[in-house]
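**Q** The following block contains the structure, expressed as structure tokens.
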Amino acid sequence: MFNIQAQSIWDKAKDEVKKDEKKVEQEVKKDKDAVKGGNEVKIPTNEEIISGLKEALNTGTNKTTSTVSKADGYLKNPRLFIPFPPEAEDMKKKLIKLGMEKKVNEFETSLNRAAEKAAESAAPVFLDAIKKMTVSDGMAILKGPDTAATHYLKQTTTAELYNMYKPIVKDAIAKVKVTENWDPLVKKYNKIPGVKKQNPDLEDYVTRKALAGLFLLVSDEEAKIRKDPAERLTDILKKVFGYADTQKK
């Protein structure tokens with residue numbers, strides 16, 4: 001009786017083992033199939049993934065800085081245009097009513113010119129930050145949303161970029177005469193009875209808006225590389241993002 005029971009238990013155990021083995025085989029096959037698509041796609045190493053992500057960001061930042069540093073890069077792009085400081089919006093409306101619309105427009109133009117001027121020196125700042133980026137969770141970024149790498153870069157470098165970028169903006173503000181355009185506006189406004197005196201930090205405002213615009217376009221470029229194989233111009237981009245394509249299916 002004992003032997004019969006023992007044999008029965010043993011048979012059940014063997015069945016369970018076979019089931020587990022079958023499950024493992026299926027998972028292995030699924031993993032292999034996942035990296036095939038007509039031709040087999042090689043799985044990149046973690047180092048290659050990091051390299052691919054950095055190259056994608058390098059490509060994105062180079063294109064972005066080249067675009068926004070041109071004349072009207074910010075001014076004529078509705079997505080990037082830097083408007084009158086939000087806290088001074090009431091000031092803008094009142095000044096326009098007082099017939100100073102031309103001066104208001106000149107001031108807004110100078111804000112955007114400052115951002116464009118600053119962008120001329122932004123590429124090395126971005127590239128240096130990208131080189132220092134270490135991605136322990138590279139696979140998670142690769143399998144993440146279409147702007148996951150940009151989001152990671154933004155999270156890990158914004159503070160450093162801000163500190164490096166602000167002096168550039170300060171110099172640009174001086175060159176394009178932002179302050180000269182602002183002073184007559186604020187003097188005129190502050191003479192209006194009962195208004196709250198305005199003194200926004202224009203260097204901080206332009207720096208933050210300029211960086212926001214840069215990151216927006218970098219995310220556009222990353223999304224292109226992820227979505228369009230024709231945008232993957234190097235072997236590492238083809239390998240890394242080609243593999244990423246298989247993981248999303």
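Identifiers for the structure tokens are assigned positionally: chains receive A, B, ... in sequence, residues are indexed from 1 per chain, and ligands are indexed from 1 in the order shown.
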With the cut-off set at 9 Å and counting only C-alpha atoms, tabulate each residue of segment 68-176 of chain A with an atom at most that distance from an atom of segment 210-213 of chain A, showing the nearest atom pair and its distance in Å to one decimal, ordered by chain and increasing number, as a Markdown table.

**A**
```
| residue | atom | partner | partner_atom | distance |
| --- | --- | --- | --- | --- |
| A:Val68 | CA | A:Gly213 | CA | 8.6 |
| A:Tyr74 | CA | A:Gly213 | CA | 8.1 |
| A:Arg79 | CA | A:Gly213 | CA | 7.7 |
| A:Leu80 | CA | A:Gly213 | CA | 5.2 |
| A:Phe81 | CA | A:Gly213 | CA | 8.4 |
| A:Ile82 | CA | A:Ala210 | CA | 7.8 |
| A:Asn112 | CA | A:Ala210 | CA | 8.4 |
| A:Ala114 | CA | A:Ala210 | CA | 8.9 |
| A:Ala115 | CA | A:Ala210 | CA | 5.5 |
| A:Glu116 | CA | A:Ala210 | CA | 8.2 |
| A:Ala118 | CA | A:Ala210 | CA | 8.4 |
| A:Ala119 | CA | A:Ala210 | CA | 8.1 |
| A:Thr158 | CA | A:Leu211 | CA | 8.3 |
| A:Leu161 | CA | A:Leu211 | CA | 8.3 |
| A:Tyr162 | CA | A:Leu211 | CA | 7.7 |
| A:Tyr165 | CA | A:Leu211 | CA | 8.4 |
| A:Val169 | CA | A:Ala210 | CA | 8.8 |
```

**Q** Would you save the residues from that selection as a PDB file, in the first residue's frame, using N, CA and C atoms?

**A**
```
ATOM      1  N   VAL A  68      16.731  75.796 -32.963  1.00  0.00           N
ATOM      2  CA  VAL A  68      16.276  76.935 -32.152  1.00  0.00           C
ATOM      3  C   VAL A  68      17.268  78.085 -32.112  1.00  0.00           C
ATOM      4  N   TYR A  74      12.738  80.436 -31.836  1.00  0.00           N
ATOM      5  CA  TYR A  74      11.714  80.510 -30.791  1.00  0.00           C
ATOM      6  C   TYR A  74      10.567  81.418 -31.218  1.00  0.00           C
ATOM      7  N   ARG A  79       4.965  76.669 -30.553  1.00  0.00           N
ATOM      8  CA  ARG A  79       5.156  75.737 -29.434  1.00  0.00           C
ATOM      9  C   ARG A  79       6.269  76.203 -28.497  1.00  0.00           C
ATOM     10  N   LEU A  80       7.166  77.037 -29.013  1.00  0.00           N
ATOM     11  CA  LEU A  80       8.330  77.458 -28.226  1.00  0.00           C
ATOM     12  C   LEU A  80       8.296  78.931 -27.831  1.00  0.00           C
ATOM     13  N   PHE A  81       7.462  79.704 -28.503  1.00  0.00           N
ATOM     14  CA  PHE A  81       7.430  81.160 -28.287  1.00  0.00           C
ATOM     15  C   PHE A  81       7.368  81.512 -26.801  1.00  0.00           C
ATOM     16  N   ILE A  82       8.246  82.423 -26.383  1.00  0.00           N
ATOM     17  CA  ILE A  82       8.294  82.869 -24.991  1.00  0.00           C
ATOM     18  C   ILE A  82       7.495  84.169 -24.873  1.00  0.00           C
ATOM     19  N   ASN A 112      12.596  86.211 -26.895  1.00  0.00           N
ATOM     20  CA  ASN A 112      12.828  85.075 -27.779  1.00  0.00           C
ATOM     21  C   ASN A 112      14.190  85.141 -28.454  1.00  0.00           C
ATOM     22  N   ALA A 114      16.774  86.344 -27.038  1.00  0.00           N
ATOM     23  CA  ALA A 114      17.721  85.934 -25.990  1.00  0.00           C
ATOM     24  C   ALA A 114      17.828  84.409 -25.944  1.00  0.00           C
ATOM     25  N   ALA A 115      16.685  83.730 -26.041  1.00  0.00           N
ATOM     26  CA  ALA A 115      16.682  82.265 -26.030  1.00  0.00           C
ATOM     27  C   ALA A 115      17.406  81.711 -27.251  1.00  0.00           C
ATOM     28  N   GLU A 116      17.187  82.340 -28.399  1.00  0.00           N
ATOM     29  CA  GLU A 116      17.859  81.898 -29.625  1.00  0.00           C
ATOM     30  C   GLU A 116      19.363  82.104 -29.526  1.00  0.00           C
ATOM     31  N   ALA A 118      21.145  82.269 -26.765  1.00  0.00           N
ATOM     32  CA  ALA A 118      21.675  81.335 -25.772  1.00  0.00           C
ATOM     33  C   ALA A 118      21.834  79.938 -26.359  1.00  0.00           C
ATOM     34  N   ALA A 119      20.913  79.564 -27.235  1.00  0.00           N
ATOM     35  CA  ALA A 119      20.941  78.212 -27.812  1.00  0.00           C
ATOM     36  C   ALA A 119      22.190  77.960 -28.640  1.00  0.00           C
ATOM     37  N   THR A 158      18.387  68.589 -15.327  1.00  0.00           N
ATOM     38  CA  THR A 158      17.788  69.930 -15.378  1.00  0.00           C
ATOM     39  C   THR A 158      18.489  70.917 -14.448  1.00  0.00           C
ATOM     40  N   LEU A 161      21.890  71.720 -15.870  1.00  0.00           N
ATOM     41  CA  LEU A 161      21.723  72.498 -17.094  1.00  0.00           C
ATOM     42  C   LEU A 161      21.288  73.927 -16.790  1.00  0.00           C
ATOM     43  N   TYR A 162      20.404  74.065 -15.819  1.00  0.00           N
ATOM     44  CA  TYR A 162      19.926  75.396 -15.451  1.00  0.00           C
ATOM     45  C   TYR A 162      21.095  76.272 -15.005  1.00  0.00           C
ATOM     46  N   TYR A 165      23.267  77.053 -17.948  1.00  0.00           N
ATOM     47  CA  TYR A 165      22.586  77.779 -19.012  1.00  0.00           C
ATOM     48  C   TYR A 165      22.289  79.220 -18.642  1.00  0.00           C
ATOM     49  N   VAL A 169      22.205  82.787 -20.828  1.00  0.00           N
ATOM     50  CA  VAL A 169      20.997  83.596 -21.032  1.00  0.00           C
ATOM     51  C   VAL A 169      21.237  85.027 -20.569  1.00  0.00           C
TER      52      VAL A 169
END
```

**Q** Can you tell me which residues surround Met139 of chain A at a distance of at most 9 Å, considering only C-alpha atoms, apart from same-chain residues fewer than 2 positions away, and format the answer as a list in words?

**A**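 Listed by chain and then number, they are Asn46, Ile49, Ile50, Val135, Ser136, Asp137, Ile141, Leu142, Lys143, Gly144 and Ala244 of chain A.
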
**Q** Could you give me the residues within segment 5-219 of chain A that DSSP places in strand (DSSP E or B), as a ChimeraX atom specification?

**A** /A:36-37,39-40

**Q** Using C-alpha atoms, can you write the selected residues to a file as a short mmCIF file (atom, residue, chain, number, x, y, z; two decimals), in the first residue's frame?

**A**
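Result file is selection33.cif:
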```cif
data_model
loop_
_atom_site.label_atom_id
_atom_site.label_comp_id
_atom_site.auth_asym_id
_atom_site.auth_seq_id
_atom_site.Cartn_x
_atom_site.Cartn_y
_atom_site.Cartn_z
CA LYS A 36 12.77 37.76 -34.72
CA GLY A 37 11.06 39.57 -37.50
CA ASN A 39 15.59 38.27 -39.82
CA GLU A 40 16.74 37.60 -36.29
#
```

**Q** Please determine, counting only C-alpha atoms, which residue among A:Pro184, A:Pro124, A:Gly60, A:Pro85 has the shortest atom-to-atom distance to Arg226 of chain A.

**A**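 Ranking A:Pro184, A:Pro124, A:Gly60, A:Pro85 by distance to Arg226 of chain A, first place goes to A:Gly60.
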
**Q** Using only C-alpha atoms, determine which residues lie at most 12 Å from Phe84 of chain A, disregarding the query and same-chain residues fewer than 6 positions distant; provide the list as a ChimeraX atom specification.

**A** /A:90-93,95,101,103-112,178,181-182,185,200,202,205-206,209

**Q** Please save C-alpha atoms of the selected residues as a compact mmCIF listing (two decimals), in the first residue's frame.

**A**
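The new file again-v2.txt reads:
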```
# COMPACT_ATOMS: atom_id res chain seq x y z
CA ASP A 90 -2.20 92.23 -16.38
CA MET A 91 0.62 94.69 -16.95
CA LYS A 92 0.74 93.72 -20.63
CA LYS A 93 -3.00 94.31 -21.09
CA LEU A 95 0.13 98.84 -21.42
CA GLU A 101 1.59 97.55 -28.03
CA LYS A 103 6.91 98.28 -27.16
CA VAL A 104 5.24 95.16 -25.73
CA ASN A 105 5.90 93.29 -28.98
CA GLU A 106 9.51 94.49 -29.04
CA PHE A 107 9.98 93.20 -25.50
CA GLU A 108 8.52 89.78 -26.32
CA THR A 109 10.69 89.62 -29.43
CA SER A 110 13.78 90.34 -27.33
CA LEU A 111 12.89 87.53 -24.91
CA ASN A 112 12.83 85.08 -27.78
CA VAL A 178 15.87 92.69 -23.18
CA ASN A 181 12.95 96.97 -23.79
CA TRP A 182 11.60 96.10 -20.34
CA LEU A 185 7.40 99.28 -19.91
CA PRO A 200 10.02 89.51 -12.59
CA LEU A 202 13.79 87.82 -16.48
CA TYR A 205 12.10 83.21 -16.74
CA VAL A 206 13.94 83.05 -20.08
CA LYS A 209 11.31 78.71 -20.91
```

**Q** Give me, please, the distance in Å between atom CA of Leu75 of chain A and atom CA of Lys188 of chain A, quoted to one decimal.

**A**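 Interatomic distance, atom CA of Leu75 of chain A to atom CA of Lys188 of chain A: 25.0 Å.
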
**Q** Within 7 Å of segment 145-152 of chain A, counting only C-alpha atoms, which residues show up once you throw out same-chain ones fewer than 6 positions away? Write them as a PyMOL selection string, please.

**A** chain A and resi 53+218-219+222-223+226

**Q** Please provide the set of residues having any atom within 12 Å of Ala129 of chain A, restricted to only C-alpha atoms, with same-chain residues fewer than 2 positions apart removed, written as a PyMOL selection string.

**A** chain A and resi 54+57-58+61+122-127+131-134+152-162+164-165

**Q** Please write the residues from the selection above to a file, keeping N, CA and C atoms, as an mmCIF file, in the first residue's frame.

**A**
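Once written, part_24.cif looks like this:
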```cif
data_model
loop_
_atom_site.group_PDB
_atom_site.id
_atom_site.type_symbol
_atom_site.label_atom_id
_atom_site.label_comp_id
_atom_site.auth_asym_id
_atom_site.auth_seq_id
_atom_site.Cartn_x
_atom_site.Cartn_y
_atom_site.Cartn_z
ATOM 1 N N LYS A 54 22.257 57.240 -25.545
ATOM 2 C CA LYS A 54 23.046 58.468 -25.564
ATOM 3 C C LYS A 54 23.156 59.027 -26.981
ATOM 4 N N LEU A 57 19.987 60.726 -27.933
ATOM 5 C CA LEU A 57 19.888 62.039 -27.297
ATOM 6 C C LEU A 57 20.872 63.029 -27.905
ATOM 7 N N ASN A 58 22.073 62.551 -28.252
ATOM 8 C CA ASN A 58 23.032 63.416 -28.937
ATOM 9 C C ASN A 58 22.455 63.917 -30.255
ATOM 10 N N THR A 61 19.581 66.420 -29.472
ATOM 11 C CA THR A 61 20.013 67.730 -28.972
ATOM 12 C C THR A 61 20.741 68.525 -30.049
ATOM 13 N N ALA A 122 24.330 76.168 -26.350
ATOM 14 C CA ALA A 122 23.685 75.128 -25.545
ATOM 15 C C ALA A 122 24.147 73.718 -25.871
ATOM 16 N N ALA A 123 24.536 73.467 -27.130
ATOM 17 C CA ALA A 123 24.879 72.105 -27.541
ATOM 18 C C ALA A 123 25.953 71.468 -26.660
ATOM 19 N N PRO A 124 27.074 72.158 -26.404
ATOM 20 C CA PRO A 124 28.099 71.540 -25.552
ATOM 21 C C PRO A 124 27.595 71.240 -24.139
ATOM 22 N N VAL A 125 26.695 72.090 -23.637
ATOM 23 C CA VAL A 125 26.126 71.875 -22.301
ATOM 24 C C VAL A 125 25.320 70.586 -22.281
ATOM 25 N N PHE A 126 24.472 70.411 -23.274
ATOM 26 C CA PHE A 126 23.672 69.193 -23.384
ATOM 27 C C PHE A 126 24.563 67.963 -23.565
ATOM 28 N N LEU A 127 25.524 68.060 -24.466
ATOM 29 C CA LEU A 127 26.363 66.904 -24.780
ATOM 30 C C LEU A 127 27.181 66.469 -23.579
ATOM 31 N N LYS A 131 26.997 62.780 -21.788
ATOM 32 C CA LYS A 131 28.180 61.931 -21.591
ATOM 33 C C LYS A 131 28.283 61.431 -20.156
ATOM 34 N N LYS A 132 27.845 62.278 -19.218
ATOM 35 C CA LYS A 132 27.931 61.916 -17.802
ATOM 36 C C LYS A 132 26.786 61.005 -17.366
ATOM 37 N N MET A 133 25.801 60.824 -18.217
ATOM 38 C CA MET A 133 24.615 60.050 -17.851
ATOM 39 C C MET A 133 24.965 58.570 -17.706
ATOM 40 N N THR A 134 24.630 57.994 -16.556
ATOM 41 C CA THR A 134 24.765 56.559 -16.350
ATOM 42 C C THR A 134 23.363 55.981 -16.236
ATOM 43 N N TYR A 152 14.156 60.939 -18.729
ATOM 44 C CA TYR A 152 15.242 60.565 -17.817
ATOM 45 C C TYR A 152 16.313 61.651 -17.810
ATOM 46 N N LEU A 153 16.669 62.125 -19.005
ATOM 47 C CA LEU A 153 17.670 63.186 -19.118
ATOM 48 C C LEU A 153 17.202 64.448 -18.409
ATOM 49 N N LYS A 154 15.934 64.772 -18.594
ATOM 50 C CA LYS A 154 15.380 65.972 -17.970
ATOM 51 C C LYS A 154 15.427 65.864 -16.451
ATOM 52 N N GLN A 155 15.059 64.699 -15.923
ATOM 53 C CA GLN A 155 15.053 64.488 -14.472
ATOM 54 C C GLN A 155 16.443 64.599 -13.876
ATOM 55 N N THR A 156 17.421 64.051 -14.577
ATOM 56 C CA THR A 156 18.762 63.937 -14.001
ATOM 57 C C THR A 156 19.683 65.103 -14.317
ATOM 58 N N THR A 157 19.312 65.964 -15.267
ATOM 59 C CA THR A 157 20.244 67.022 -15.661
ATOM 60 C C THR A 157 19.686 68.443 -15.585
ATOM 61 N N THR A 158 18.387 68.589 -15.327
ATOM 62 C CA THR A 158 17.788 69.930 -15.378
ATOM 63 C C THR A 158 18.489 70.917 -14.448
ATOM 64 N N ALA A 159 18.754 70.495 -13.208
ATOM 65 C CA ALA A 159 19.387 71.409 -12.249
ATOM 66 C C ALA A 159 20.761 71.856 -12.742
ATOM 67 N N GLU A 160 21.548 70.897 -13.223
ATOM 68 C CA GLU A 160 22.892 71.227 -13.718
ATOM 69 C C GLU A 160 22.802 72.096 -14.974
ATOM 70 N N LEU A 161 21.890 71.720 -15.870
ATOM 71 C CA LEU A 161 21.723 72.498 -17.094
ATOM 72 C C LEU A 161 21.288 73.927 -16.790
ATOM 73 N N TYR A 162 20.404 74.065 -15.819
ATOM 74 C CA TYR A 162 19.926 75.396 -15.451
ATOM 75 C C TYR A 162 21.095 76.272 -15.005
ATOM 76 N N MET A 164 24.238 75.952 -15.659
ATOM 77 C CA MET A 164 25.184 76.196 -16.736
ATOM 78 C C MET A 164 24.589 77.133 -17.794
ATOM 79 N N TYR A 165 23.267 77.053 -17.948
ATOM 80 C CA TYR A 165 22.586 77.779 -19.012
ATOM 81 C C TYR A 165 22.289 79.220 -18.642
#
```
